[in-house]
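Coordinates as given in coords-v4.cif (mmCIF, C-alpha atoms and all ligand atoms):
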```cif
data_target
#
loop_
_atom_site.label_atom_id
_atom_site.label_comp_id
_atom_site.auth_asym_id
_atom_site.auth_seq_id
_atom_site.Cartn_x
_atom_site.Cartn_y
_atom_site.Cartn_z
CA MET A 388 234.39 153.13 181.20
CA LYS A 389 236.41 151.17 183.76
CA THR A 390 235.00 149.83 187.03
CA MET A 391 238.44 149.62 188.64
CA GLU A 392 242.11 149.80 187.80
CA TRP A 393 245.41 149.31 189.63
CA GLN A 394 247.42 152.49 189.15
CA ASN A 395 250.68 153.66 190.78
CA GLY A 396 250.34 151.35 193.76
CA GLY A 397 246.68 152.20 194.45
CA LEU A 398 243.26 150.91 193.46
CA ILE A 399 241.18 153.36 191.44
CA LEU A 400 237.43 152.72 191.73
CA LEU A 401 234.57 154.28 189.81
CA ASP A 402 232.30 155.54 192.62
CA GLN A 403 229.03 153.78 191.76
CA THR A 404 227.04 155.63 194.40
CA ARG A 405 227.36 158.80 192.30
CA LEU A 406 226.33 157.35 188.94
CA PRO A 407 224.80 158.39 186.65
CA LEU A 408 224.89 162.00 187.83
CA GLU A 409 228.66 162.13 188.26
CA ILE A 410 231.53 160.10 186.88
CA LYS A 411 234.00 160.22 189.72
CA TYR A 412 236.92 157.92 190.52
CA ILE A 413 238.25 157.42 194.04
CA THR A 414 241.68 156.06 195.02
CA CYS A 415 242.05 153.38 197.67
CA GLU A 416 245.52 153.40 199.19
CA THR A 417 244.93 150.92 202.00
CA ALA A 418 243.02 147.71 202.65
CA GLU A 419 240.81 149.74 205.01
CA ASP A 420 239.92 152.11 202.14
CA VAL A 421 238.85 149.14 200.01
CA ALA A 422 236.81 147.62 202.87
CA GLU A 423 235.01 150.94 203.29
CA ALA A 424 234.36 151.22 199.54
CA ILE A 425 232.80 147.74 199.48
CA LYS A 426 230.70 148.37 202.59
CA THR A 427 229.35 151.68 201.27
CA MET A 428 228.81 150.14 197.81
CA LYS A 429 231.11 152.48 195.93
CA VAL A 430 232.10 149.20 194.35
CA ARG A 431 229.37 146.55 194.23
CA GLY A 432 228.25 143.47 192.30
CA ALA A 433 229.51 140.05 193.33
CA PRO A 434 232.52 139.62 190.99
CA ALA A 435 233.61 143.27 191.38
CA ILE A 436 233.57 142.93 195.16
CA GLY A 437 235.80 139.85 194.88
CA VAL A 438 238.31 141.54 192.57
CA ALA A 439 238.39 144.71 194.70
CA ALA A 440 238.95 142.64 197.85
CA ALA A 441 241.88 140.84 196.18
CA TYR A 442 243.46 144.22 195.43
CA GLY A 443 242.59 145.30 198.98
CA LEU A 444 244.59 142.38 200.31
CA ALA A 445 247.49 143.30 198.01
CA LEU A 446 247.36 146.85 199.41
CA GLY A 447 247.37 145.38 202.91
CA ALA A 448 250.43 143.33 201.98
CA PHE A 449 252.37 146.45 201.00
CA GLN A 450 251.29 148.19 204.24
CA ASN A 451 252.62 145.19 206.15
CA LYS A 452 256.14 146.14 207.30
CA CYS A 453 257.09 142.98 209.19
CA LYS A 454 260.19 141.01 208.16
CA ASP A 455 259.32 137.34 208.69
CA LYS A 456 256.95 135.21 206.66
CA GLU A 457 254.96 133.85 209.60
CA THR A 458 254.01 137.27 210.98
CA PHE A 459 253.36 138.47 207.42
CA ILE A 460 250.87 135.65 206.80
CA SER A 461 249.16 136.17 210.15
CA ASN A 462 248.77 139.90 209.39
CA ILE A 463 247.37 139.05 205.95
CA ARG A 464 244.82 136.77 207.59
CA GLU A 465 243.65 139.65 209.78
CA ILE A 466 243.28 141.91 206.75
CA SER A 467 241.41 139.15 204.95
CA ASP A 468 238.97 138.99 207.91
CA LEU A 469 238.49 142.75 207.75
CA LEU A 470 237.68 142.63 204.02
CA GLY A 471 235.50 139.56 204.49
CA ALA A 472 233.38 141.33 207.12
CA THR A 473 232.11 143.93 204.63
CA ARG A 474 229.24 142.15 202.84
CA PRO A 475 228.05 138.61 203.65
CA THR A 476 226.03 137.36 200.66
CA ALA A 477 228.25 137.39 197.55
CA VAL A 478 230.50 134.36 197.78
CA ASN A 479 232.93 135.87 195.23
CA LEU A 480 234.31 137.98 198.07
CA PHE A 481 235.30 134.92 200.11
CA TRP A 482 236.37 133.00 196.98
CA ALA A 483 238.84 135.76 196.05
CA LEU A 484 240.17 136.20 199.59
CA HIS A 485 240.63 132.46 199.93
CA ARG A 486 242.46 132.29 196.61
CA MET A 487 244.82 135.07 197.75
CA THR A 488 245.64 133.51 201.14
CA ASP A 489 245.96 130.10 199.50
CA THR A 490 248.67 131.51 197.20
CA LEU A 491 250.65 132.47 200.30
CA GLU A 492 250.17 129.08 201.95
CA LYS A 493 251.41 127.24 198.87
CA THR A 494 254.53 129.23 198.04
CA ASP A 495 258.10 128.38 199.02
CA VAL A 496 259.03 132.07 198.81
CA ASP A 497 260.12 133.49 202.20
CA GLU A 498 261.10 137.06 201.45
CA VAL A 499 258.38 139.52 202.41
CA THR A 500 258.92 141.85 199.42
CA LYS A 501 258.52 138.87 197.09
CA LEU A 502 255.37 137.74 198.92
CA GLN A 503 253.91 141.21 198.44
CA GLU A 504 254.60 141.02 194.70
CA LEU A 505 253.14 137.52 194.61
CA LEU A 506 249.86 138.76 196.11
CA LEU A 507 249.64 141.68 193.71
CA ARG A 508 250.24 139.31 190.78
CA GLU A 509 247.44 137.05 192.02
CA ALA A 510 245.07 140.03 192.30
CA HIS A 511 245.92 140.96 188.70
CA ASN A 512 245.20 137.34 187.68
CA ILE A 513 241.82 137.43 189.41
CA PHE A 514 241.02 140.71 187.61
CA THR A 515 242.02 139.43 184.16
CA GLU A 516 240.35 136.04 184.59
CA ASP A 517 237.10 137.72 185.65
CA ILE A 518 236.88 139.56 182.33
CA GLU A 519 237.72 136.35 180.42
CA MET A 520 235.05 134.42 182.36
CA ASN A 521 232.46 137.07 181.55
CA LYS A 522 233.29 136.95 177.85
CA SER A 523 232.92 133.20 177.95
CA ILE A 524 229.54 133.52 179.73
CA GLY A 525 228.60 135.96 176.96
CA ARG A 526 229.52 133.45 174.22
CA TYR A 527 227.52 130.61 175.81
CA GLY A 528 224.59 132.83 176.77
CA SER A 529 224.30 134.54 173.41
CA GLU A 530 223.32 131.21 171.86
CA LEU A 531 220.21 131.16 174.06
CA VAL A 532 219.05 134.56 172.83
CA PRO A 533 216.75 134.48 169.77
CA PRO A 534 217.66 136.71 166.76
CA LYS A 535 215.08 139.26 167.92
CA ALA A 536 214.48 139.39 171.66
CA ALA A 537 213.12 141.57 174.45
CA VAL A 538 215.13 140.75 177.56
CA LEU A 539 214.23 141.64 181.13
CA THR A 540 217.03 142.12 183.65
CA HIS A 541 217.08 143.04 187.32
CA CYS A 542 219.68 145.05 189.27
CA ASN A 543 223.05 145.51 187.57
CA ALA A 544 225.06 142.47 186.51
CA GLY A 545 227.10 144.40 183.99
CA ALA A 546 230.61 145.68 183.46
CA LEU A 547 230.10 147.81 186.57
CA ALA A 548 229.43 144.72 188.68
CA THR A 549 232.55 142.90 187.45
CA ALA A 550 236.10 143.63 186.30
CA GLY A 551 234.53 144.24 182.88
CA PHE A 552 231.93 143.06 180.30
CA GLY A 553 229.45 141.73 182.86
CA THR A 554 227.56 138.48 183.41
CA ALA A 555 223.85 138.99 182.63
CA LEU A 556 224.72 142.12 180.64
CA GLY A 557 227.65 140.15 179.18
CA VAL A 558 225.09 137.80 177.62
CA ILE A 559 223.14 140.78 176.28
CA ARG A 560 226.35 142.48 175.07
CA ALA A 561 227.54 139.33 173.28
CA ALA A 562 224.13 138.84 171.62
CA HIS A 563 224.14 142.49 170.51
CA GLU A 564 227.72 142.14 169.18
CA ALA A 565 226.63 139.00 167.30
CA GLY A 566 224.16 141.19 165.40
CA LYS A 567 221.00 140.12 167.26
CA ASP A 568 218.19 142.59 167.68
CA VAL A 569 218.20 142.73 171.48
CA ARG A 570 216.10 145.21 173.43
CA VAL A 571 216.43 145.35 177.19
CA PHE A 572 213.85 146.14 179.85
CA ALA A 573 215.68 147.16 183.02
CA ASP A 574 213.92 146.91 186.39
CA GLU A 575 214.80 150.06 188.34
CA THR A 576 215.68 147.87 191.38
CA ARG A 577 214.67 149.64 194.57
CA PRO A 578 215.89 150.49 197.09
CA LEU A 579 219.27 151.52 195.64
CA LEU A 580 218.19 151.76 191.99
CA GLN A 581 221.05 149.80 190.44
CA GLY A 582 218.82 149.17 187.40
CA ALA A 583 217.92 152.82 186.85
CA ARG A 584 221.27 154.31 187.80
CA LEU A 585 223.71 151.68 186.52
CA THR A 586 222.16 149.20 184.05
CA ALA A 587 220.33 151.86 182.03
CA TRP A 588 223.45 154.06 182.02
CA GLU A 589 225.81 151.24 181.08
CA LEU A 590 223.63 149.99 178.21
CA MET A 591 223.11 153.50 176.87
CA GLN A 592 226.89 153.98 176.80
CA ASP A 593 227.08 150.96 174.47
CA ASN A 594 224.05 151.99 172.38
CA ILE A 595 222.12 148.87 173.39
CA PRO A 596 218.39 149.71 173.35
CA VAL A 597 217.09 149.88 176.92
CA THR A 598 213.74 150.79 178.44
CA LEU A 599 213.55 151.52 182.15
CA ILE A 600 210.59 150.19 184.14
CA THR A 601 209.76 150.21 187.83
CA ASP A 602 209.97 146.87 189.64
CA ASN A 603 206.21 146.40 189.73
CA MET A 604 205.74 146.65 185.95
CA ALA A 605 207.33 143.37 184.84
CA GLY A 606 204.17 141.25 185.27
CA TYR A 607 202.13 143.64 183.14
CA LEU A 608 204.73 143.53 180.36
CA MET A 609 204.94 139.74 180.46
CA LYS A 610 201.16 139.39 180.31
CA LYS A 611 201.18 141.56 177.20
CA GLY A 612 203.78 139.30 175.56
CA LEU A 613 206.47 141.99 175.61
CA ILE A 614 209.23 139.93 177.29
CA ASP A 615 210.92 136.94 175.59
CA LEU A 616 213.35 135.99 178.34
CA ALA A 617 214.85 137.17 181.62
CA VAL A 618 218.53 137.06 182.49
CA VAL A 619 219.97 138.07 185.85
CA GLY A 620 223.26 137.75 187.70
CA ALA A 621 223.88 135.99 191.01
CA ASP A 622 225.61 136.60 194.32
CA ARG A 623 225.76 132.97 195.35
CA ILE A 624 224.54 129.74 193.77
CA THR A 625 224.36 126.71 196.05
CA ALA A 626 225.03 123.05 195.16
CA ASN A 627 221.34 122.42 194.36
CA GLY A 628 221.10 125.43 192.00
CA ASP A 629 219.29 127.86 194.35
CA VAL A 630 220.28 131.42 193.46
CA ALA A 631 220.80 134.42 195.75
CA ASN A 632 220.58 137.68 193.84
CA LYS A 633 219.30 141.22 194.35
CA ILE A 634 216.00 141.47 196.22
CA GLY A 635 213.17 141.19 193.70
CA THR A 636 214.85 138.53 191.56
CA TYR A 637 212.64 135.82 193.06
CA THR A 638 209.53 137.79 192.06
CA VAL A 639 210.82 138.03 188.47
CA ALA A 640 211.42 134.25 188.42
CA VAL A 641 207.90 133.52 189.69
CA LEU A 642 206.43 135.84 187.06
CA CYS A 643 208.50 134.14 184.34
CA ARG A 644 207.18 130.73 185.38
CA GLU A 645 203.58 132.01 185.35
CA HIS A 646 204.04 133.37 181.82
CA ASN A 647 206.15 130.52 180.49
CA ILE A 648 209.18 132.74 179.89
CA PRO A 649 212.75 131.36 180.26
CA PHE A 650 214.51 132.63 183.38
CA TYR A 651 218.31 132.46 183.03
CA VAL A 652 221.00 133.12 185.62
CA ALA A 653 224.45 134.15 184.36
CA ALA A 654 227.41 133.72 186.71
CA PRO A 655 231.07 132.69 186.74
CA VAL A 656 232.24 129.63 188.69
CA SER A 657 233.49 131.98 191.41
CA THR A 658 229.81 132.56 192.31
CA ILE A 659 229.04 128.86 192.79
CA ASP A 660 229.30 127.68 196.39
CA LEU A 661 229.21 123.89 196.43
CA ALA A 662 229.86 123.94 200.19
CA LEU A 663 226.26 125.00 200.78
CA ALA A 664 223.57 122.44 200.02
CA SER A 665 220.72 124.88 199.49
CA GLY A 666 219.76 128.55 199.44
CA ASP A 667 218.40 128.30 203.00
CA GLU A 668 222.03 128.40 204.19
CA ILE A 669 222.96 131.62 202.38
CA PRO A 670 223.47 134.59 204.73
CA ILE A 671 221.23 137.41 203.50
CA GLU A 672 222.54 140.91 204.09
CA GLU A 673 220.18 143.28 205.90
CA ARG A 674 220.90 146.91 205.14
CA GLU A 675 219.93 150.15 206.83
CA ALA A 676 216.34 151.44 206.89
CA VAL A 677 217.42 154.78 205.45
CA GLU A 678 217.89 153.12 202.03
CA VAL A 679 214.15 152.41 201.98
CA THR A 680 212.88 155.60 203.61
CA THR A 681 214.85 157.91 201.30
CA ILE A 682 215.60 158.23 197.59
CA PHE A 683 218.83 160.07 196.75
CA GLY A 684 218.88 161.49 200.27
CA ARG A 685 215.28 162.71 200.20
CA GLU A 686 212.76 161.36 202.74
CA VAL A 687 209.87 159.50 201.09
CA ALA A 688 208.31 157.86 204.18
CA PRO A 689 206.97 159.06 207.51
CA LYS A 690 209.62 159.48 210.19
CA GLY A 691 209.88 156.49 212.53
CA VAL A 692 208.12 154.02 210.20
CA LYS A 693 209.15 150.38 210.69
CA VAL A 694 211.26 149.12 207.77
CA LEU A 695 212.64 145.85 206.43
CA ASN A 696 215.59 145.95 204.06
CA PRO A 697 216.94 142.56 202.98
CA ALA A 698 219.38 143.22 200.12
CA PHE A 699 218.98 139.81 198.45
CA ASP A 700 216.48 136.99 198.00
CA VAL A 701 216.82 133.36 197.01
CA THR A 702 215.24 131.96 193.86
CA PRO A 703 214.61 128.23 194.23
CA ASN A 704 216.25 126.05 191.58
CA HIS A 705 212.96 124.81 190.09
CA LEU A 706 212.31 128.31 188.73
CA VAL A 707 215.71 128.56 187.00
CA THR A 708 215.63 127.47 183.34
CA ALA A 709 219.45 127.31 183.07
CA ILE A 710 222.59 128.68 184.67
CA ILE A 711 224.97 130.22 182.13
CA THR A 712 228.54 129.84 183.41
CA ASP A 713 231.95 130.45 181.88
CA ARG A 714 232.26 126.66 181.54
CA GLY A 715 229.00 126.18 179.70
CA VAL A 716 225.24 126.21 180.19
CA VAL A 717 224.12 124.08 183.13
CA ARG A 718 220.56 122.72 183.16
CA PRO A 719 218.58 120.80 185.81
CA PRO A 720 219.06 118.64 187.75
CA TYR A 721 221.53 121.16 189.18
CA VAL A 722 222.48 118.98 192.11
CA ASP A 723 224.17 116.62 189.60
CA ASN A 724 225.10 118.98 186.79
CA LEU A 725 226.73 121.86 188.70
CA ARG A 726 229.37 119.49 190.14
CA LYS A 727 230.28 118.34 186.63
CA ILE A 728 231.75 121.70 185.66
CA PHE A 729 234.30 121.67 188.53
O1 LIG B 801 223.91 144.97 196.26
P1 LIG B 801 224.63 144.83 194.95
O2 LIG B 801 224.45 145.99 194.04
O3 LIG B 801 226.07 144.45 195.16
O4 LIG B 801 223.90 143.58 194.27
C1 LIG B 801 224.33 143.16 193.02
C2 LIG B 801 223.55 142.03 192.46
O5 LIG B 801 222.65 141.51 193.07
C3 LIG B 801 224.02 141.48 191.14
O6 LIG B 801 222.95 141.00 190.40
C4 LIG B 801 224.99 140.32 191.41
O7 LIG B 801 225.99 140.72 192.31
C5 LIG B 801 225.61 139.82 190.18
S1 LIG B 801 226.76 140.95 189.50
C6 LIG B 801 227.48 140.25 188.12
#
```

Can the structure from this file be put into structure tokens for me?
Amino acid sequence: MKTMEWQNGGLILLDQTRLPLEIKYITCETAEDVAEAIKTMKVRGAPAIGVAAAYGLALGAFQNKCKDKETFISNIREISDLLGATRPTAVNLFWALHRMTDTLEKTDVDEVTKLQELLLREAHNIFTEDIEMNKSIGRYGSELVPPKAAVLTHCNAGALATAGFGTALGVIRAAHEAGKDVRVFADETRPLLQGARLTAWELMQDNIPVTLITDNMAGYLMKKGLIDLAVVGADRITANGDVANKIGTYTVAVLCREHNIPFYVAAPVSTIDLALASGDEIPIEEREAVEVTTIFGREVAPKGVKVLNPAFDVTPNHLVTAIITDRGVVRPPYVDNLRKIF
């Protein structure tokens, strides 16, 4: 199963809004197509959004018919703004776009066709490096998983949320591949059910034992001693170690603390935003009410009811046992130790 692939000058994306009922790929031929796919969450998950946006910018570069470098770069900046306006919370999006535009700023190449190729090459690099980073996260994280472990995860931080292998699910995958007896409890993750639709599906494809629970069951399971550790992904980690991730992650972290269960966050360095001092500064995406009032297009609430729909929350650093990155496991005090891996 591939989340995305560059094929014949287009970006093929697995449409995640249709999973697990349908396995359908869509083709993005323009930067606008990619922006739309990110906005509508056909592709989602912080690293995957970043990689898709890099390819989106490469597509924009090939659409760009101007002849001189200056106009080319200014057009690319506009396309970068378009892609950057899709989802505000995951910093990987801005990290990838910045890396792409930075490549243009730094090159001596003037010819537009060569600049287009340069951008495509950089997008391929971002794609390949993402998979390598996830495998590295898996290697470091696997060491934290006991030989027999029940692991709780929230949302989907798997292969589907990245270029491949996954971050939180990368840790689980690596532990499973190392022969550990890992069983996963997947929170369904309302409102969009990434846990039920994506995590459960992805783990079943790999024959990793998974049990689906609704979001309000985790505390009960912890109280009964059925969870050994929790591992989740992240959309943005600030300099002090605060973690933005899918709404409901904070609740899991609080429950872990109450039950003395390790709460791990797995993320590549592209998710760490040292420019922000704390989680209070992270923009939290608010999504449409219809995601809460319906399930798979079916109304489940009275018409006209008032709704709140923040897509992410922030877990304060004191609840995070460790952050598993591709450069090693970072422990508190995060304000000192996160900087050391850069
Ligand atoms: O709204 P989504 O589905 O894009 O949210 C995804 C998450 O919150 C993931 O946990 C996070 O992006 C990490 S993915 C490796």

Counting all atoms listed in the file, what is within 8 Å of Gly397 of chain A, bar same-chain residues fewer than 5 positions away, as a compact mmCIF listing (two decimals) with C-alpha atoms, in the coordinates of the input?
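Full text of result.txt as output:
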```txt
# COMPACT_ATOMS: atom_id res chain seq x y z
CA THR A 414 241.68 156.06 195.02
CA CYS A 415 242.05 153.38 197.67
CA GLU A 416 245.52 153.40 199.19
CA THR A 417 244.93 150.92 202.00
CA LEU A 446 247.36 146.85 199.41
```

*Hey, what's within 12 Å of Arg431 of chain A if we count only C-alpha atoms and toss same-chain stuff fewer than 6 positions away? As a PyMOL selection string, please?*
chain A and resi 390-391+400-404+421-425+437-440+473-474+476-477+479-480+542-550+579+581+585+622+633

_Residue neighbourhood Ala561 of chain A, 10 Å, all atoms listed in the file, exclusion window fewer than 4 positions, as a list in words_ =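 Residues meeting the cut-off are Asn521, Lys522, Ser523, Ile524, Gly525, Arg526, Tyr527, Gly528, Ser529, Glu530, Val532, Phe552, Leu556, Gly557, Ala565, Gly566 and Lys567 of chain A.
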
*Close residues, Pro407 of chain A itself excluded, 7 Å, only C-alpha atoms, min 3 positions apart in chain, as a VMD selection string*: chain A and resid 410 584 to 585 588

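The space between atom CA of Phe650 of chain A and atom CA of Ala617 of chain A spans 4.9 Å.
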
_Please determine, counting only C-alpha atoms and all ligand atoms, which residue among A:Thr490, A:Thr515, A:Thr427, A:Ser665 has the shortest atom-to-atom distance to ligand LIG 801 (chain B)._
A:Thr427

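Checking A:Thr702, A:Asn647, A:Ser657, A:Thr681 one by one against Trp482 of chain A, counting only C-alpha atoms, you find the shortest gap at A:Ser657.
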
*For Asp700 of chain A, which of A:Gly471, A:Gly620, A:Pro720, A:Gly666 is the closest residue, counting all atoms listed in the file?*
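Answer, going by the shortest atom-to-atom distance: A:Gly666.
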
With 8 Å added on each side, what axis-aligned box encloses every listed atom of ligand LIG 801 (chain B)? Give the centre and edge lengths in Å to one decimal, as AutoDock Vina command-line options.
```
--center_x 225.1 --center_y 142.9 --center_z 192.2 --size_x 20.8 --size_y 22.2 --size_z 24.1
```

*Using all atoms listed in the file, which residues sit within 10 Å of segment 465-469 of chain A once same-chain residues fewer than 2 positions away are excluded, as a list in words?*
Ala418, Glu419, Ala422, Glu423, Ala440, Ala441, Gly443, Leu444, Ala445, Leu446, Gly447, Ala448, Asn451, Ile460, Ser461, Asn462, Ile463, Gly471, Ala472, Thr473, Leu480, Phe481, Ala483, Leu484, His485, Met487 and Thr488 of chain A

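Relative to atom CA of Asn632 of chain A, atom CA of Leu531 of chain A is found at 20.8 Å.
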
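Going from atom CA of Lys693 of chain A to atom CA of Ala676 of chain A covers 8.2 Å.
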
*From the set A:Lys389, A:Arg674, A:Lys690, A:Lys727, which residue has the shortest atom-to-atom contact distance to ligand LIG 801 (chain B), counting all atoms listed in the file?*
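Closest to ligand LIG 801 (chain B) of all the choices is A:Arg674.
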
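Proximity of A:Gly606, A:Gly551, A:Pro596, A:Gly684 to ligand LIG 801 (chain B), computed with only C-alpha atoms and all ligand atoms, is greatest for A:Gly551.
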
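The shortest atom-to-atom distance to Lys611 of chain A, with all atoms listed in the file taken into account, belongs to A:His646 out of A:Val677, A:Val717, A:His646, A:Phe459.
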